file coords09.txt (compact mmCIF, C-alpha atoms)
# COMPACT_ATOMS: atom_id res chain seq x y z
CA MET A 30 26.07 -6.73 -21.67
CA GLU A 31 25.77 -3.20 -23.09
CA ALA A 32 26.10 -0.21 -20.74
CA SER A 33 22.81 1.11 -22.10
CA ALA A 34 21.02 -1.76 -20.35
CA ILE A 35 21.60 -0.14 -16.95
CA LEU A 36 21.08 3.37 -18.30
CA GLN A 37 17.53 2.54 -19.38
CA PRO A 38 16.23 2.40 -15.78
CA VAL A 39 18.14 5.62 -15.05
CA VAL A 40 16.28 7.38 -17.87
CA ALA A 41 13.00 5.74 -16.85
CA LEU A 42 13.29 7.11 -13.30
CA GLY A 43 14.14 10.52 -14.73
CA LEU A 44 10.98 10.36 -16.84
CA TRP A 45 8.98 9.31 -13.78
CA SER A 46 10.31 12.36 -11.94
CA GLY A 47 8.92 14.44 -14.80
CA VAL A 48 5.52 12.76 -14.42
CA MET A 49 5.55 13.58 -10.72
CA MET A 50 6.53 17.19 -11.46
CA ILE A 51 3.55 17.58 -13.81
CA TRP A 52 1.24 15.96 -11.25
CA MET A 53 2.64 18.23 -8.52
CA TYR A 54 2.02 21.44 -10.47
CA ALA A 55 -1.35 20.25 -11.77
CA THR A 56 -2.51 19.97 -8.16
CA ARG A 57 -0.42 22.68 -6.51
CA ILE A 58 -1.23 25.62 -8.79
CA PRO A 59 -5.01 25.39 -8.30
CA ALA A 60 -4.55 24.74 -4.58
CA VAL A 61 -2.33 27.80 -4.15
CA GLY A 62 -4.94 29.84 -5.99
CA ASN A 63 -7.61 28.67 -3.56
CA ALA A 64 -5.54 28.91 -0.37
CA LYS A 65 -5.32 31.97 1.77
CA ILE A 66 -1.54 31.98 2.08
CA PRO A 67 -0.13 35.18 3.55
CA GLU A 68 2.03 36.98 0.99
CA ALA A 69 5.05 36.85 3.33
CA GLU A 70 4.78 33.02 3.47
CA MET A 71 4.42 32.35 -0.27
CA GLY A 72 8.16 32.00 -0.92
CA HIS A 73 8.85 29.75 2.06
CA PRO A 74 8.15 26.08 2.76
CA VAL A 75 5.87 27.06 5.65
CA GLY A 76 3.53 28.59 3.07
CA MET A 77 2.88 25.14 1.66
CA SER A 78 1.45 24.08 5.04
CA TYR A 79 -1.66 26.03 4.04
CA LEU A 80 -2.30 23.53 1.25
CA PRO A 81 -4.33 20.33 1.67
CA SER A 82 -2.42 17.17 2.58
CA GLU A 83 -3.32 15.47 -0.71
CA VAL A 84 -1.54 18.29 -2.56
CA ARG A 85 1.48 18.47 -0.23
CA ARG A 86 2.22 14.76 -0.32
CA ILE A 87 2.59 14.79 -4.12
CA ALA A 88 5.15 17.58 -3.76
CA ASP A 89 6.80 15.68 -0.91
CA ASN A 90 7.18 12.67 -3.17
CA TYR A 91 8.61 14.79 -5.96
CA ASN A 92 11.24 15.99 -3.48
CA HIS A 93 11.88 12.39 -2.39
CA LEU A 94 12.76 11.56 -5.99
CA PHE A 95 15.81 13.79 -5.56
CA GLU A 96 17.01 12.15 -2.35
CA GLN A 97 17.66 8.38 -2.39
CA PRO A 98 17.49 8.16 -6.22
CA THR A 99 20.52 10.43 -6.56
CA LEU A 100 22.59 7.61 -5.12
CA PHE A 101 20.92 5.25 -7.61
CA TYR A 102 21.86 7.53 -10.50
CA ALA A 103 25.45 7.73 -9.30
CA ILE A 104 25.97 3.99 -8.78
CA ALA A 105 24.27 3.11 -12.08
CA LEU A 106 26.61 5.50 -13.90
CA VAL A 107 29.62 4.03 -12.09
CA ILE A 108 28.55 0.53 -13.10
CA ALA A 109 28.05 1.64 -16.72
CA VAL A 110 31.31 3.57 -17.01
CA ALA A 111 33.34 0.84 -15.32
CA GLY A 112 31.89 -1.72 -17.70
CA HIS A 113 30.44 -3.85 -14.90
CA VAL A 114 26.94 -4.14 -16.34
CA ASP A 115 25.46 -7.61 -15.95
CA ALA A 116 21.99 -9.11 -15.65
CA MET A 117 21.96 -8.87 -11.85
CA ALA A 118 22.80 -5.15 -11.93
CA VAL A 119 20.21 -4.44 -14.60
CA ASN A 120 17.52 -6.41 -12.75
CA ALA A 121 18.32 -4.64 -9.47
CA ALA A 122 18.21 -1.27 -11.26
CA TRP A 123 14.81 -2.01 -12.79
CA ALA A 124 13.57 -3.32 -9.44
CA PHE A 125 14.65 -0.06 -7.81
CA VAL A 126 12.80 2.00 -10.42
CA ILE A 127 9.62 -0.07 -10.22
CA ILE A 128 9.64 0.05 -6.43
CA ARG A 129 10.17 3.84 -6.46
CA VAL A 130 7.22 4.27 -8.85
CA VAL A 131 5.06 2.19 -6.51
CA HIS A 132 6.33 4.28 -3.58
CA SER A 133 5.32 7.45 -5.45
CA LEU A 134 1.85 6.12 -6.21
CA VAL A 135 1.28 5.04 -2.61
CA GLN A 136 2.49 8.35 -1.18
CA ALA A 137 0.54 10.46 -3.66
CA THR A 138 -2.73 8.56 -3.23
CA VAL A 139 -3.48 6.50 -0.12
CA ASN A 140 -0.34 7.50 1.82
CA VAL A 141 -0.41 4.60 4.25
CA VAL A 142 2.84 5.39 6.04
CA LEU A 143 3.65 1.86 7.20
CA LEU A 144 3.10 0.50 3.68
CA ARG A 145 5.16 3.35 2.23
CA PHE A 146 7.97 2.62 4.68
CA GLY A 147 8.02 -1.06 3.69
CA ILE A 148 8.21 -0.09 0.03
CA PHE A 149 11.00 2.37 0.83
CA LEU A 150 12.96 -0.41 2.58
CA LEU A 151 12.55 -2.65 -0.47
CA SER A 152 13.98 0.09 -2.65
CA TRP A 153 16.99 0.24 -0.32
CA VAL A 154 17.49 -3.51 -0.75
CA ALA A 155 17.63 -3.10 -4.54
CA LEU A 156 19.96 -0.12 -4.20
CA LEU A 157 22.23 -1.89 -1.73
CA ILE A 158 22.54 -4.82 -4.12
CA LEU A 159 23.88 -2.40 -6.72
CA ILE A 160 26.21 -0.62 -4.30
CA VAL A 161 27.60 -3.68 -2.50
CA ARG A 162 28.18 -5.63 -5.70
CA GLU A 163 30.04 -2.72 -7.26
CA ALA A 164 32.04 -2.13 -4.08
CA LEU A 165 33.15 -5.77 -4.13
CA VAL A 166 34.39 -5.33 -7.69
CA ILE A 167 36.20 -2.00 -7.39
CA PHE A 168 37.69 -2.47 -3.92
call {"tool": "encode", "arguments": {"input": "coords09.txt", "output": "structure tokens"}}
result
Amino acid sequence: MEASAILQPVVALGLWSGVMMIWMYATRIPAVGNAKIPEAEMGHPVGMSYLPSEVRRIADNYNHLFEQPTLFYAIALVIAVAGHVDAMAVNAAWAFVIIRVVHSLVQATVNVVLLRFGIFLLSWVALLILIVREALVIF
């Protein structure tokens, strides 16, 4: 199987991060304009606490896309470079991306924490499949 097969979900998640960035600024910029944030707080995370929850949680999700997914990017690149791309790895990679998109949508809209946590755990299952399988091959 071609290495590009596992790189497609990597690029897709990168594109999704861009969608979340646009959504974040589309909601944050007007909210900052309407909030009475003290000037001294504007450059600090505490300043964002003045914004409505529905605005902050989109930004929180954007930040989350640079946490667990960084491990996804790394392991997908290892699998591609090592030439260990197979259908299971590609399916697990796409599952991870789809689950992370669902996680984003839940967090940015309804934000039911227990549901979000369950989705987050599912994304870990997909990621662990990638990591454990690759570990078994290279160790």
call {"tool": "closest_atom_pairs", "arguments": {"input": "coords09.txt", "of": "segment 108-148 of chain A", "to": "segment 74-96 of chain A", "cutoff": "10 Å", "atoms": "all atoms listed in the file", "output": "Markdown table"}}
result
| residue | atom | partner | partner_atom | distance |
| --- | --- | --- | --- | --- |
| A:Arg129 | CA | A:Leu94 | CA | 8.2 |
| A:Val130 | CA | A:Leu94 | CA | 9.6 |
| A:His132 | CA | A:Asn90 | CA | 8.4 |
| A:Ser133 | CA | A:Asn90 | CA | 6.0 |
| A:Leu134 | CA | A:Ile87 | CA | 8.9 |
| A:Val135 | CA | A:Asn90 | CA | 9.7 |
| A:Gln136 | CA | A:Arg86 | CA | 6.5 |
| A:Ala137 | CA | A:Ile87 | CA | 4.8 |
| A:Thr138 | CA | A:Glu83 | CA | 7.4 |
| A:Val139 | CA | A:Glu83 | CA | 9.0 |
| A:Asn140 | CA | A:Arg86 | CA | 8.0 |
call {"tool": "residues_around", "arguments": {"input": "coords09.txt", "residues": "segment 100-117 of chain A", "least_positions_apart": "6", "cutoff": "12 Å", "atoms": "all atoms listed in the file", "output": "VMD selection string"}}
result
chain A and resid 30 to 43 94 123 to 126 129 152 to 167
call {"tool": "closest_residue", "arguments": {"input": "coords09.txt", "among": "A:His73, A:Met50, A:Arg57, A:Ile148", "to": "Ile128 of chain A", "atoms": "only C-alpha atoms"}}
result
A:Ile148
call {"tool": "atom_distance", "arguments": {"input": "coords09.txt", "atom1": "atom CA of Trp45 of chain A", "atom2": "atom CA of Val131 of chain A"}}
result
10.9 Å
call {"tool": "axis_aligned_box", "arguments": {"input": "coords09.txt", "around": "segment 66-79 of chain A", "padding_each_side": "8 Å", "output": "AutoDock Vina command-line options"}}
result
--center_x 3.6 --center_y 30.5 --center_z 2.4 --size_x 26.5 --size_y 28.9 --size_z 22.6
call {"tool": "atom_distance", "arguments": {"input": "coords09.txt", "atom1": "atom CA of Gly72 of chain A", "atom2": "atom CA of Val142 of chain A"}}
result
28.0 Å
call {"tool": "atom_distance", "arguments": {"input": "coords09.txt", "atom1": "atom CA of Ile51 of chain A", "atom2": "atom CA of Phe146 of chain A"}}
result
24.2 Å
call {"tool": "build_atoms", "arguments": {"input": "coords09.txt", "residues": "segment 131-146 of chain A", "atoms": "N, CA and C atoms", "output": "mmCIF file, keeping the file's coordinate frame"}}
result
data_model
loop_
_atom_site.group_PDB
_atom_site.id
_atom_site.type_symbol
_atom_site.label_atom_id
_atom_site.label_comp_id
_atom_site.auth_asym_id
_atom_site.auth_seq_id
_atom_site.Cartn_x
_atom_site.Cartn_y
_atom_site.Cartn_z
ATOM 1 N N VAL A 131 6.108 2.642 -7.443
ATOM 2 C CA VAL A 131 5.060 2.190 -6.510
ATOM 3 C C VAL A 131 5.054 3.080 -5.266
ATOM 4 N N HIS A 132 6.228 3.396 -4.745
ATOM 5 C CA HIS A 132 6.330 4.280 -3.580
ATOM 6 C C HIS A 132 5.657 5.630 -3.883
ATOM 7 N N SER A 133 5.932 6.183 -5.057
ATOM 8 C CA SER A 133 5.320 7.450 -5.450
ATOM 9 C C SER A 133 3.803 7.343 -5.468
ATOM 10 N N LEU A 134 3.301 6.288 -6.086
ATOM 11 C CA LEU A 134 1.850 6.120 -6.210
ATOM 12 C C LEU A 134 1.187 5.959 -4.846
ATOM 13 N N VAL A 135 1.830 5.210 -3.966
ATOM 14 C CA VAL A 135 1.280 5.040 -2.610
ATOM 15 C C VAL A 135 1.283 6.373 -1.877
ATOM 16 N N GLN A 136 2.411 7.084 -1.903
ATOM 17 C CA GLN A 136 2.490 8.350 -1.180
ATOM 18 C C GLN A 136 1.520 9.381 -1.736
ATOM 19 N N ALA A 137 1.383 9.445 -3.037
ATOM 20 C CA ALA A 137 0.540 10.460 -3.660
ATOM 21 C C ALA A 137 -0.951 10.152 -3.589
ATOM 22 N N THR A 138 -1.298 8.912 -3.267
ATOM 23 C CA THR A 138 -2.730 8.560 -3.230
ATOM 24 C C THR A 138 -3.167 8.186 -1.812
ATOM 25 N N VAL A 139 -2.979 6.949 -1.416
ATOM 26 C CA VAL A 139 -3.480 6.500 -0.120
ATOM 27 C C VAL A 139 -2.604 6.916 1.049
ATOM 28 N N ASN A 140 -1.322 7.055 0.826
ATOM 29 C CA ASN A 140 -0.340 7.500 1.820
ATOM 30 C C ASN A 140 -0.417 6.746 3.145
ATOM 31 N N VAL A 141 -0.487 5.430 3.054
ATOM 32 C CA VAL A 141 -0.410 4.600 4.250
ATOM 33 C C VAL A 141 1.067 4.529 4.626
ATOM 34 N N VAL A 142 1.432 5.185 5.716
ATOM 35 C CA VAL A 142 2.840 5.390 6.040
ATOM 36 C C VAL A 142 3.577 4.072 6.264
ATOM 37 N N LEU A 143 2.971 3.132 6.958
ATOM 38 C CA LEU A 143 3.650 1.860 7.200
ATOM 39 C C LEU A 143 3.893 1.107 5.881
ATOM 40 N N LEU A 144 2.933 1.121 5.000
ATOM 41 C CA LEU A 144 3.100 0.500 3.680
ATOM 42 C C LEU A 144 4.201 1.232 2.902
ATOM 43 N N ARG A 145 4.151 2.544 2.927
ATOM 44 C CA ARG A 145 5.160 3.350 2.230
ATOM 45 C C ARG A 145 6.553 3.060 2.767
ATOM 46 N N PHE A 146 6.675 2.914 4.070
ATOM 47 C CA PHE A 146 7.970 2.620 4.680
ATOM 48 C C PHE A 146 8.485 1.257 4.220
#
